file coords-v3.cif (mmCIF, C-alpha atoms and all ligand atoms)
data_target
#
loop_
_atom_site.label_atom_id
_atom_site.label_comp_id
_atom_site.auth_asym_id
_atom_site.auth_seq_id
_atom_site.Cartn_x
_atom_site.Cartn_y
_atom_site.Cartn_z
CA MET A 596 -34.28 5.08 -11.02
CA THR A 597 -37.45 3.53 -9.70
CA GLU A 598 -37.89 -0.24 -9.62
CA PRO A 599 -41.01 -2.30 -8.85
CA GLY A 600 -39.28 -4.87 -6.65
CA ILE A 601 -37.72 -2.61 -4.03
CA MET A 602 -38.47 0.43 -1.86
CA SER A 603 -37.03 2.86 -4.36
CA SER A 604 -37.14 5.75 -1.86
CA ASP A 605 -33.96 4.13 -0.64
CA ALA A 606 -32.05 4.37 -3.92
CA LYS A 607 -29.09 2.55 -2.39
CA GLN A 608 -31.14 -0.59 -2.98
CA ILE A 609 -31.38 -0.22 -6.76
CA GLN A 610 -30.91 -3.67 -8.26
CA THR A 611 -30.65 -3.13 -12.02
CA ALA A 612 -27.13 -4.35 -12.68
CA ALA A 613 -24.56 -3.26 -15.24
CA VAL A 614 -21.57 -5.57 -15.64
CA LEU A 615 -18.58 -4.72 -17.79
CA ASP A 616 -17.90 -7.21 -20.57
CA GLY A 617 -14.94 -6.05 -22.69
CA ASP A 618 -15.85 -2.61 -24.02
CA GLU A 619 -19.53 -2.90 -23.19
CA TRP A 620 -21.82 -2.73 -20.17
CA VAL A 621 -24.39 -5.52 -20.01
CA ILE A 622 -27.55 -4.36 -18.25
CA ASN A 623 -30.25 -6.49 -16.61
CA GLY A 624 -33.15 -5.31 -14.48
CA GLU A 625 -36.53 -3.66 -14.37
CA LYS A 626 -37.78 -0.11 -13.86
CA PHE A 627 -41.25 1.41 -13.62
CA TYR A 628 -42.85 4.87 -13.59
CA ILE A 629 -40.20 6.14 -16.00
CA SER A 630 -41.78 9.43 -17.07
CA GLY A 631 -41.45 10.50 -20.66
CA ALA A 632 -40.29 7.10 -21.89
CA GLY A 633 -43.64 6.67 -23.64
CA ASP A 634 -43.14 9.79 -25.74
CA PRO A 635 -42.13 8.98 -29.34
CA ARG A 636 -39.50 11.73 -29.06
CA CYS A 637 -37.72 9.84 -26.27
CA LYS A 638 -34.58 8.33 -27.80
CA ILE A 639 -32.26 7.82 -24.86
CA MET A 640 -32.64 7.01 -21.18
CA ILE A 641 -30.46 7.98 -18.25
CA THR A 642 -30.55 4.77 -16.24
CA MET A 643 -29.44 4.30 -12.65
CA VAL A 644 -27.60 0.98 -12.40
CA ARG A 645 -25.54 -0.87 -9.84
CA THR A 646 -22.03 -1.17 -11.25
CA SER A 647 -19.94 -1.66 -8.12
CA PRO A 648 -21.76 -3.86 -5.57
CA HIS A 649 -18.66 -4.14 -3.38
CA ALA A 650 -17.84 -0.44 -3.22
CA ASP A 651 -18.84 1.90 -0.37
CA THR A 652 -22.61 2.23 -0.11
CA TYR A 653 -22.87 5.55 -1.94
CA LYS A 654 -20.39 4.54 -4.66
CA GLN A 655 -22.19 1.44 -5.87
CA GLN A 656 -24.53 3.13 -8.35
CA SER A 657 -23.77 4.75 -11.68
CA GLN A 658 -25.79 6.48 -14.36
CA ILE A 659 -25.57 5.20 -17.87
CA LEU A 660 -27.05 6.21 -21.22
CA VAL A 661 -29.24 3.57 -22.82
CA PRO A 662 -30.81 4.13 -26.27
CA ILE A 663 -34.48 3.25 -25.97
CA ASP A 664 -34.29 1.08 -29.10
CA ALA A 665 -31.27 -0.95 -27.91
CA PRO A 666 -31.82 -4.72 -28.26
CA GLY A 667 -33.07 -6.13 -24.94
CA VAL A 668 -34.98 -2.97 -23.92
CA GLU A 669 -38.63 -3.95 -23.56
CA ILE A 670 -41.22 -1.25 -22.97
CA VAL A 671 -43.72 -3.38 -21.10
CA GLY A 672 -46.36 -0.65 -21.04
CA PRO A 673 -47.54 2.48 -19.29
CA MET A 674 -48.16 2.63 -15.53
CA GLU A 675 -51.41 4.39 -14.80
CA VAL A 676 -51.83 7.44 -12.61
CA PHE A 677 -55.31 7.63 -11.06
CA GLY A 678 -56.55 5.55 -13.98
CA SER A 679 -54.87 7.58 -16.73
CA ASP A 680 -51.93 6.42 -18.83
CA ASP A 681 -50.79 10.04 -19.38
CA ALA A 682 -50.23 9.30 -23.09
CA PRO A 683 -48.22 10.20 -25.04
CA HIS A 684 -45.83 11.27 -22.25
CA GLY A 685 -46.31 8.04 -20.29
CA HIS A 686 -44.71 6.61 -17.15
CA MET A 687 -43.34 3.38 -18.51
CA HIS A 688 -42.64 -0.04 -17.11
CA ILE A 689 -39.38 -1.18 -18.73
CA ARG A 690 -37.36 -4.41 -18.69
CA PHE A 691 -33.68 -4.64 -19.54
CA THR A 692 -32.45 -8.07 -20.65
CA ASP A 693 -28.77 -8.35 -21.59
CA VAL A 694 -28.84 -4.81 -22.98
CA ARG A 695 -25.38 -3.85 -24.29
CA VAL A 696 -24.12 -0.27 -24.41
CA PRO A 697 -20.58 1.04 -24.98
CA LYS A 698 -18.33 1.44 -21.95
CA ASP A 699 -18.19 5.21 -22.55
CA ASN A 700 -21.96 5.59 -22.04
CA ILE A 701 -21.38 5.92 -18.31
CA LEU A 702 -21.92 9.47 -17.07
CA LEU A 703 -19.22 11.25 -15.06
CA GLY A 704 -17.62 7.94 -14.02
CA GLU A 705 -18.28 4.64 -12.29
CA GLY A 706 -19.83 4.93 -8.84
CA ARG A 707 -20.92 8.55 -9.28
CA GLY A 708 -24.66 7.95 -9.74
CA PHE A 709 -25.68 9.48 -6.41
CA GLU A 710 -23.53 12.51 -7.01
CA ILE A 711 -25.33 13.18 -10.30
CA SER A 712 -28.76 12.63 -8.72
CA GLN A 713 -28.06 15.11 -5.99
CA LEU A 714 -27.16 17.79 -8.53
CA ARG A 715 -29.94 17.06 -11.02
CA LEU A 716 -32.93 16.34 -8.82
CA GLY A 717 -32.81 19.63 -6.90
CA PRO A 718 -33.71 21.88 -9.87
CA GLY A 719 -36.45 19.45 -10.95
CA ARG A 720 -37.99 19.41 -7.50
CA ILE A 721 -38.05 23.17 -7.04
CA HIS A 722 -39.49 23.51 -10.53
CA HIS A 723 -42.37 21.19 -9.53
CA CYS A 724 -43.00 23.35 -6.45
CA MET A 725 -43.07 26.59 -8.47
CA ARG A 726 -45.74 25.06 -10.70
CA SER A 727 -47.64 23.84 -7.62
CA VAL A 728 -47.84 27.38 -6.27
CA GLY A 729 -49.46 28.36 -9.58
CA VAL A 730 -51.93 25.48 -9.27
CA ALA A 731 -52.85 26.58 -5.74
CA GLU A 732 -53.39 30.15 -7.00
CA LYS A 733 -55.76 28.81 -9.63
CA ALA A 734 -57.67 26.81 -6.99
CA ILE A 735 -58.16 29.93 -4.84
CA GLU A 736 -59.30 31.93 -7.86
CA MET A 737 -61.87 29.25 -8.68
CA MET A 738 -63.00 28.99 -5.07
CA VAL A 739 -63.61 32.73 -4.81
CA ASP A 740 -65.39 32.89 -8.18
CA ARG A 741 -67.66 30.05 -7.13
CA GLY A 742 -68.31 31.59 -3.73
CA LEU A 743 -69.26 34.93 -5.25
CA SER A 744 -71.40 33.54 -8.04
CA ARG A 745 -73.66 31.05 -6.15
CA GLU A 746 -76.31 31.75 -3.56
CA GLY A 747 -78.22 29.59 -1.08
CA PHE A 748 -79.77 29.93 2.37
CA GLY A 749 -80.22 33.65 1.61
CA LYS A 750 -76.51 34.36 1.25
CA LYS A 751 -73.69 34.16 -1.23
CA LEU A 752 -71.83 30.86 -0.86
CA ILE A 753 -68.68 32.73 0.14
CA ASN A 754 -70.50 34.07 3.22
CA LEU A 755 -71.88 30.72 4.34
CA GLY A 756 -70.34 28.82 7.24
CA LYS A 757 -66.58 29.32 7.51
CA ASN A 758 -65.97 29.76 3.79
CA MET A 759 -64.41 33.20 4.18
CA GLU A 760 -61.94 31.78 6.69
CA VAL A 761 -61.24 28.80 4.42
CA ILE A 762 -60.28 31.21 1.64
CA SER A 763 -58.18 33.29 4.03
CA ARG A 764 -56.28 30.21 5.23
CA CYS A 765 -55.63 29.12 1.64
CA ARG A 766 -54.31 32.58 0.71
CA ILE A 767 -52.01 32.62 3.75
CA GLU A 768 -50.70 29.14 2.90
CA VAL A 769 -50.01 30.13 -0.71
CA GLU A 770 -48.04 33.19 0.35
CA ALA A 771 -46.05 31.08 2.85
CA MET A 772 -45.34 28.50 0.13
CA ARG A 773 -44.25 31.19 -2.31
CA LEU A 774 -41.78 32.62 0.21
CA MET A 775 -40.39 29.17 0.99
CA VAL A 776 -39.89 28.42 -2.70
CA LEU A 777 -38.15 31.77 -3.14
CA ARG A 778 -35.85 31.02 -0.22
CA ALA A 779 -35.01 27.61 -1.68
CA ALA A 780 -34.32 29.23 -5.07
CA LYS A 781 -32.06 31.78 -3.42
CA ALA A 782 -30.21 29.02 -1.56
CA MET A 783 -29.61 27.27 -4.89
CA ASP A 784 -28.32 30.48 -6.45
CA VAL A 785 -26.07 31.38 -3.54
CA LEU A 786 -24.97 28.01 -2.17
CA GLY A 787 -25.28 25.72 -5.19
CA ASN A 788 -27.49 22.69 -5.69
CA ALA A 789 -25.71 20.33 -3.31
CA GLU A 790 -25.68 22.71 -0.35
CA ALA A 791 -29.27 23.82 -0.96
CA ARG A 792 -30.67 20.32 -0.74
CA VAL A 793 -32.21 20.83 2.71
CA TRP A 794 -34.11 23.84 1.39
CA VAL A 795 -35.26 21.91 -1.65
CA SER A 796 -36.43 19.00 0.50
CA ALA A 797 -38.28 21.45 2.75
CA VAL A 798 -40.32 22.88 -0.13
CA LYS A 799 -40.84 19.48 -1.76
CA ALA A 800 -42.22 18.18 1.57
CA MET A 801 -44.37 21.25 2.15
CA VAL A 802 -45.80 22.47 -1.13
CA PRO A 803 -47.56 19.49 -2.81
CA GLU A 804 -49.19 18.50 0.51
CA LYS A 805 -50.52 22.03 1.16
CA CYS A 806 -51.54 22.35 -2.45
CA CYS A 807 -53.63 19.16 -2.17
CA GLN A 808 -55.41 20.62 0.86
CA ILE A 809 -56.17 23.85 -1.00
CA ILE A 810 -57.53 22.03 -4.05
CA ASP A 811 -59.58 19.83 -1.74
CA GLU A 812 -61.23 22.97 -0.27
CA ALA A 813 -61.90 24.29 -3.78
CA ILE A 814 -63.52 20.99 -4.75
CA GLN A 815 -65.71 21.11 -1.65
CA MET A 816 -66.93 24.61 -2.47
CA HIS A 817 -67.88 23.49 -5.97
CA GLY A 818 -70.01 20.57 -4.77
CA ALA A 819 -70.31 17.61 -7.15
CA ALA A 820 -69.27 19.78 -10.08
CA GLY A 821 -65.87 20.10 -8.39
CA ILE A 822 -64.98 16.52 -9.27
CA SER A 823 -66.71 16.61 -12.65
CA GLN A 824 -65.44 17.12 -16.17
CA TRP A 825 -66.70 20.73 -16.05
CA PHE A 826 -63.82 21.92 -13.89
CA PRO A 827 -60.09 21.10 -13.90
CA LEU A 828 -60.01 20.54 -10.13
CA ALA A 829 -59.91 16.74 -10.25
CA ASP A 830 -56.93 16.82 -12.63
CA MET A 831 -55.26 19.46 -10.48
CA TYR A 832 -55.74 17.28 -7.41
CA HIS A 833 -54.37 14.18 -9.13
CA SER A 834 -51.26 16.00 -10.29
CA GLN A 835 -50.49 17.37 -6.83
CA ARG A 836 -51.29 14.11 -5.04
CA THR A 837 -48.94 12.34 -7.44
CA LEU A 838 -46.20 14.83 -6.61
CA ARG A 839 -46.31 13.73 -2.97
CA LEU A 840 -44.76 10.50 -4.28
CA ALA A 841 -42.83 11.38 -7.44
CA ASP A 842 -39.30 12.71 -6.96
CA GLY A 843 -39.25 11.24 -3.48
CA PRO A 844 -42.21 10.82 -1.11
CA ASP A 845 -42.88 13.48 1.54
CA GLU A 846 -41.42 11.32 4.30
CA VAL A 847 -38.00 11.09 2.66
CA HIS A 848 -37.80 14.87 2.38
CA HIS A 849 -38.93 15.31 5.98
CA GLN A 850 -36.15 12.92 6.91
CA VAL A 851 -33.59 15.17 5.16
CA VAL A 852 -34.89 18.27 6.95
CA GLY A 853 -35.21 16.57 10.33
CA ARG A 854 -31.73 15.05 10.13
CA ALA A 855 -30.19 18.42 9.21
CA GLU A 856 -31.93 19.99 12.19
CA ALA A 857 -30.64 17.28 14.53
CA LYS A 858 -27.13 17.46 13.08
CA ASN A 859 -26.93 21.23 13.50
CA ARG A 860 -28.20 21.05 17.04
CA GLU A 861 -25.72 18.28 17.85
CA SER A 862 -22.78 20.28 16.55
CA ASP A 863 -24.01 23.35 18.47
CA ARG A 864 -24.17 21.30 21.64
CA ASN A 865 -20.74 19.77 21.04
CA ASN A 866 -19.24 23.19 20.55
CA ALA A 867 -21.18 24.46 23.55
CA VAL A 868 -22.19 27.43 21.43
CA GLN A 869 -25.74 28.65 21.59
CA HIS A 870 -26.87 30.10 18.28
CA MET A 871 -29.79 31.88 19.82
CA THR A 872 -30.47 33.93 16.74
CA ARG A 873 -30.33 31.13 14.20
CA GLY A 874 -32.68 28.56 15.68
CA SER A 875 -32.90 26.70 12.38
CA MET A 876 -31.39 23.75 10.58
CA PHE A 877 -30.95 25.77 7.44
CA THR A 878 -27.63 27.06 6.36
CA GLY A 879 -27.40 29.85 3.88
CA PRO A 880 -29.35 32.95 3.04
CA ALA A 881 -31.87 34.19 5.56
C1 LIG B 1 -46.48 9.90 -11.89
C2 LIG B 1 -45.15 9.42 -11.41
C3 LIG B 1 -44.03 9.69 -12.18
C4 LIG B 1 -42.78 9.20 -11.79
N1 LIG B 1 -41.69 9.42 -12.62
C5 LIG B 1 -40.52 8.83 -12.30
C6 LIG B 1 -39.40 8.92 -13.21
O1 LIG B 1 -39.46 9.56 -14.26
N2 LIG B 1 -38.27 8.26 -12.89
C7 LIG B 1 -38.15 7.55 -11.74
O2 LIG B 1 -37.10 6.99 -11.50
N3 LIG B 1 -39.19 7.44 -10.86
C8 LIG B 1 -40.36 8.06 -11.11
N4 LIG B 1 -41.43 7.93 -10.25
C9 LIG B 1 -41.29 7.09 -9.08
C10 LIG B 1 -41.16 7.84 -7.77
O3 LIG B 1 -39.98 8.62 -7.74
C11 LIG B 1 -41.21 6.79 -6.68
O4 LIG B 1 -42.49 6.24 -6.69
C12 LIG B 1 -40.85 7.33 -5.33
O5 LIG B 1 -39.50 7.69 -5.27
C13 LIG B 1 -41.17 6.35 -4.20
O6 LIG B 1 -40.61 5.10 -4.46
P1 LIG B 1 -41.56 3.80 -4.33
O7 LIG B 1 -42.76 3.99 -5.19
O8 LIG B 1 -40.71 2.60 -4.53
O9 LIG B 1 -42.11 3.85 -2.84
P2 LIG B 1 -41.42 3.19 -1.58
O10 LIG B 1 -39.97 3.54 -1.53
O11 LIG B 1 -41.81 1.77 -1.53
O12 LIG B 1 -42.14 3.99 -0.41
C14 LIG B 1 -43.50 3.74 -0.07
C15 LIG B 1 -43.90 4.62 1.08
O13 LIG B 1 -43.09 4.34 2.20
C16 LIG B 1 -42.98 5.50 2.99
N5 LIG B 1 -41.57 5.81 3.19
C17 LIG B 1 -40.56 5.70 2.32
N6 LIG B 1 -39.40 6.15 2.84
C18 LIG B 1 -39.70 6.54 4.10
C19 LIG B 1 -38.94 7.11 5.14
N7 LIG B 1 -37.63 7.34 5.00
N8 LIG B 1 -39.58 7.42 6.29
C20 LIG B 1 -40.91 7.17 6.45
N9 LIG B 1 -41.67 6.65 5.50
C21 LIG B 1 -41.09 6.34 4.33
C22 LIG B 1 -43.67 6.63 2.23
O14 LIG B 1 -44.98 6.82 2.73
C23 LIG B 1 -43.71 6.10 0.83
O15 LIG B 1 -44.75 6.66 0.06
C24 LIG B 1 -42.67 8.45 -10.59
C25 LIG B 1 -43.80 8.22 -9.80
C26 LIG B 1 -45.04 8.69 -10.19
C27 LIG B 1 -46.22 8.40 -9.33
#
call {"tool": "encode", "arguments": {"input": "coords-v3.cif", "output": "structure tokens"}}
result
Amino acid sequence: MTEPGIMSSDAKQIQTAAVLDGDEWVINGEKFYISGAGDPRCKIMITMVRTSPHADTYKQQSQILVPIDAPGVEIVGPMEVFGSDDAPHGHMHIRFTDVRVPKDNILLGEGRGFEISQLRLGPGRIHHCMRSVGVAEKAIEMMVDRGLSREGFGKKLINLGKNMEVISRCRIEVEAMRLMVLRAAKAMDVLGNAEARVWVSAVKAMVPEKCCQIIDEAIQMHGAAGISQWFPLADMYHSQRTLRLADGPDEVHHQVVGRAEAKNRESDRNNAVQHMTRGSMFTGPA
């Protein structure tokens, strides 16, 4: 989806164009940070393209299959993430110049790109958050090990300053994150991906940010070694910081949650019904 020339958080703006010419789509445009496109096993790309510029806003985009070796596809090179090219996986910068693919390569139908995104991105996002909870667990484990194994100023590191409280706060945050992810997973099971999107946005906005804070505390307790090659904390931090952007930046997900809250409250007020027990924008399983 993502393109260098626009604010891609607003996917309605996607510029890469696909124009029908006989039995083929002709594609022109540019994408970047396309994960996995650097992997030699990557043979085909699902590409978000504008097929219907005059249709209703949410019907302008489509998703289309483009073989990576199609003439006109230029893999410009890898985008770096905190100085790493993430090879061989890679997050590639790609240009499309008069790339031709058969008419039938369009997925689901013309103008249904957003519909597909809504269904596909939810599972990916919750999957990221599940892994983030594991990363945060690892950070706490390392923090406690470090605190118990080092001594200074006549005490174990864990007993210095507010370190015990720091660890307590991290543990509490991890348990809160785990419950939120479970609730989002249950919403997906019970309501389906489309209906659960507010839950998914809630965890995507919450978990990577909290996880960054927890890793940051773990780094601090390790001193300089915390950002060294001796511990995985720097890599862990990079991966979680990246997640605050990838698959939609935090702000976009907060917008989804905030809007749902406002919409629910508005409909409550219009109906003059006070849902005293609900008090939440979330629909679905409690
Ligand atoms: C490692 C990595 C892998 C990625 N893999 C992929 C991939 O495989 N496929 C793909 O298509 N994309 C991928 N992306 C791109 C990612 O999805 C986008 O970077 C992201 O959606 C944000 O788009 P943008 O970079 O254009 O930022 P912009 O849209 O320009 O946003 C910039 C900033 O503006 C602010 N902002 C945006 N919207 C709002 C709002 N509504 N309210 C308040 N503030 C706002 C946020 O702070 C945001 O960070 C990847 C990115 C990274 C870093």
call {"tool": "residues_near_point", "arguments": {"input": "coords-v3.cif", "point": "(-62.6, 24.1, -0.8)", "cutoff": "9 Å", "atoms": "only C-alpha atoms", "output": "list of chain:residue names"}}
result
A:Ala734, A:Ile735, A:Met738, A:Asn758, A:Val761, A:Ile762, A:Cys765, A:Gln808, A:Ile809, A:Ile810, A:Asp811, A:Glu812, A:Ala813, A:Ile814, A:Gln815, A:Met816, A:His817
call {"tool": "closest_residue", "arguments": {"input": "coords-v3.cif", "among": "A:Gln850, A:Asn754, A:Ser647, A:Ser744", "to": "Asp605 (chain A)", "atoms": "only C-alpha atoms"}}
result
A:Gln850
call {"tool": "atom_distance", "arguments": {"input": "coords-v3.cif", "atom1": "CA of Ile767 (chain A)", "atom2": "CA of Ser834 (chain A)"}}
result
21.8 Å
call {"tool": "atom_distance", "arguments": {"input": "coords-v3.cif", "atom1": "CA of Asn788 (chain A)", "atom2": "CA of Gly717 (chain A)"}}
result
6.3 Å
call {"tool": "residues_near_point", "arguments": {"input": "coords-v3.cif", "point": "(-56.7, 13.7, -12.1)", "cutoff": "12 Å", "atoms": "all atoms listed in the file", "output": "number ranges by chain"}}
result
A: 675-681, 807, 810, 821-824, 826-838
call {"tool": "closest_residue", "arguments": {"input": "coords-v3.cif", "among": "A:Lys805, A:His849, A:Lys781, A:Lys751", "to": "ligand LIG 1 (chain B)", "atoms": "all atoms listed in the file"}}
result
A:His849
call {"tool": "axis_aligned_box", "arguments": {"input": "coords-v3.cif", "around": "ligand LIG 1 (chain B)", "padding_each_side": "8 Å", "output": "JSON"}}
result
{"center_x": -41.8, "center_y": 5.8, "center_z": -3.9, "size_x": 25.4, "size_y": 24.1, "size_z": 36.7}
call {"tool": "closest_residue", "arguments": {"input": "coords-v3.cif", "among": "A:Tyr653, A:Val728, A:His684, A:Asp664", "to": "Arg707 (chain A)", "atoms": "all atoms listed in the file"}}
result
A:Tyr653
call {"tool": "residues_near_ligand", "arguments": {"input": "coords-v3.cif", "ligand": "ligand LIG 1 (chain B)", "cutoff": "8 Å", "atoms": "all atoms listed in the file", "output": "PDB file with C-alpha atoms, in the coordinates of the input"}}
result
ATOM      1  CA  MET A 596     -34.280   5.080 -11.020  1.00  0.00           C
ATOM      2  CA  THR A 597     -37.450   3.530  -9.700  1.00  0.00           C
ATOM      3  CA  GLU A 598     -37.890  -0.240  -9.620  1.00  0.00           C
ATOM      4  CA  PRO A 599     -41.010  -2.300  -8.850  1.00  0.00           C
ATOM      5  CA  GLY A 600     -39.280  -4.870  -6.650  1.00  0.00           C
ATOM      6  CA  ILE A 601     -37.720  -2.610  -4.030  1.00  0.00           C
ATOM      7  CA  MET A 602     -38.470   0.430  -1.860  1.00  0.00           C
ATOM      8  CA  SER A 603     -37.030   2.860  -4.360  1.00  0.00           C
ATOM      9  CA  SER A 604     -37.140   5.750  -1.860  1.00  0.00           C
ATOM     10  CA  ASP A 605     -33.960   4.130  -0.640  1.00  0.00           C
ATOM     11  CA  LYS A 626     -37.780  -0.110 -13.860  1.00  0.00           C
ATOM     12  CA  PHE A 627     -41.250   1.410 -13.620  1.00  0.00           C
ATOM     13  CA  TYR A 628     -42.850   4.870 -13.590  1.00  0.00           C
ATOM     14  CA  ILE A 629     -40.200   6.140 -16.000  1.00  0.00           C
ATOM     15  CA  SER A 630     -41.780   9.430 -17.070  1.00  0.00           C
ATOM     16  CA  GLY A 631     -41.450  10.500 -20.660  1.00  0.00           C
ATOM     17  CA  GLU A 675     -51.410   4.390 -14.800  1.00  0.00           C
ATOM     18  CA  VAL A 676     -51.830   7.440 -12.610  1.00  0.00           C
ATOM     19  CA  HIS A 686     -44.710   6.610 -17.150  1.00  0.00           C
ATOM     20  CA  SER A 834     -51.260  16.000 -10.290  1.00  0.00           C
ATOM     21  CA  THR A 837     -48.940  12.340  -7.440  1.00  0.00           C
ATOM     22  CA  LEU A 838     -46.200  14.830  -6.610  1.00  0.00           C
ATOM     23  CA  ARG A 839     -46.310  13.730  -2.970  1.00  0.00           C
ATOM     24  CA  LEU A 840     -44.760  10.500  -4.280  1.00  0.00           C
ATOM     25  CA  ALA A 841     -42.830  11.380  -7.440  1.00  0.00           C
ATOM     26  CA  ASP A 842     -39.300  12.710  -6.960  1.00  0.00           C
ATOM     27  CA  GLY A 843     -39.250  11.240  -3.480  1.00  0.00           C
ATOM     28  CA  PRO A 844     -42.210  10.820  -1.110  1.00  0.00           C
ATOM     29  CA  ASP A 845     -42.880  13.480   1.540  1.00  0.00           C
ATOM     30  CA  GLU A 846     -41.420  11.320   4.300  1.00  0.00           C
ATOM     31  CA  VAL A 847     -38.000  11.090   2.660  1.00  0.00           C
ATOM     32  CA  HIS A 848     -37.800  14.870   2.380  1.00  0.00           C
ATOM     33  CA  HIS A 849     -38.930  15.310   5.980  1.00  0.00           C
ATOM     34  CA  GLN A 850     -36.150  12.920   6.910  1.00  0.00           C
TER      35      GLN A 850
END
call {"tool": "atom_distance", "arguments": {"input": "coords-v3.cif", "atom1": "CA of Ala682 (chain A)", "atom2": "CA of Gly633 (chain A)"}}
result
7.1 Å
call {"tool": "closest_residue", "arguments": {"input": "coords-v3.cif", "among": "A:Asn700, A:Trp794, A:Glu625, A:Lys858", "to": "Val671 (chain A)", "atoms": "all atoms listed in the file"}}
result
A:Glu625
call {"tool": "closest_residue", "arguments": {"input": "coords-v3.cif", "among": "A:Ala789, A:Ile659, A:Ala731, A:Ala780", "to": "Glu804 (chain A)", "atoms": "only C-alpha atoms"}}
result
A:Ala731
call {"tool": "residues_around", "arguments": {"input": "coords-v3.cif", "residues": "region 688-696 of chain A", "least_positions_apart": "3", "cutoff": "6 Å", "atoms": "only C-alpha atoms", "output": "list of chain:residue names"}}
result
A:Glu619, A:Trp620, A:Val621, A:Ile622, A:Asn623, A:Gly624, A:Glu625, A:Lys626, A:Phe627, A:Gly667, A:Val668, A:Glu669, A:Ile670, A:Val671, A:Gly672, A:Pro673
call {"tool": "residues_around", "arguments": {"input": "coords-v3.cif", "residues": "Leu703 (chain A)", "least_positions_apart": "5", "cutoff": "12 Å", "atoms": "only C-alpha atoms", "output": "compact mmCIF listing (two decimals) with C-alpha atoms, in the frame of the given file"}}
result
# COMPACT_ATOMS: atom_id res chain seq x y z
CA GLN A 656 -24.53 3.13 -8.35
CA SER A 657 -23.77 4.75 -11.68
CA GLN A 658 -25.79 6.48 -14.36
CA ILE A 659 -25.57 5.20 -17.87
CA LEU A 660 -27.05 6.21 -21.22
CA GLY A 708 -24.66 7.95 -9.74
CA PHE A 709 -25.68 9.48 -6.41
CA GLU A 710 -23.53 12.51 -7.01
CA ILE A 711 -25.33 13.18 -10.30
CA SER A 712 -28.76 12.63 -8.72
call {"tool": "residues_around", "arguments": {"input": "coords-v3.cif", "residues": "Pro662 (chain A)", "least_positions_apart": "5", "cutoff": "9 Å", "atoms": "all atoms listed in the file", "output": "ChimeraX atom specification"}}
result
/A:637-641,668,696
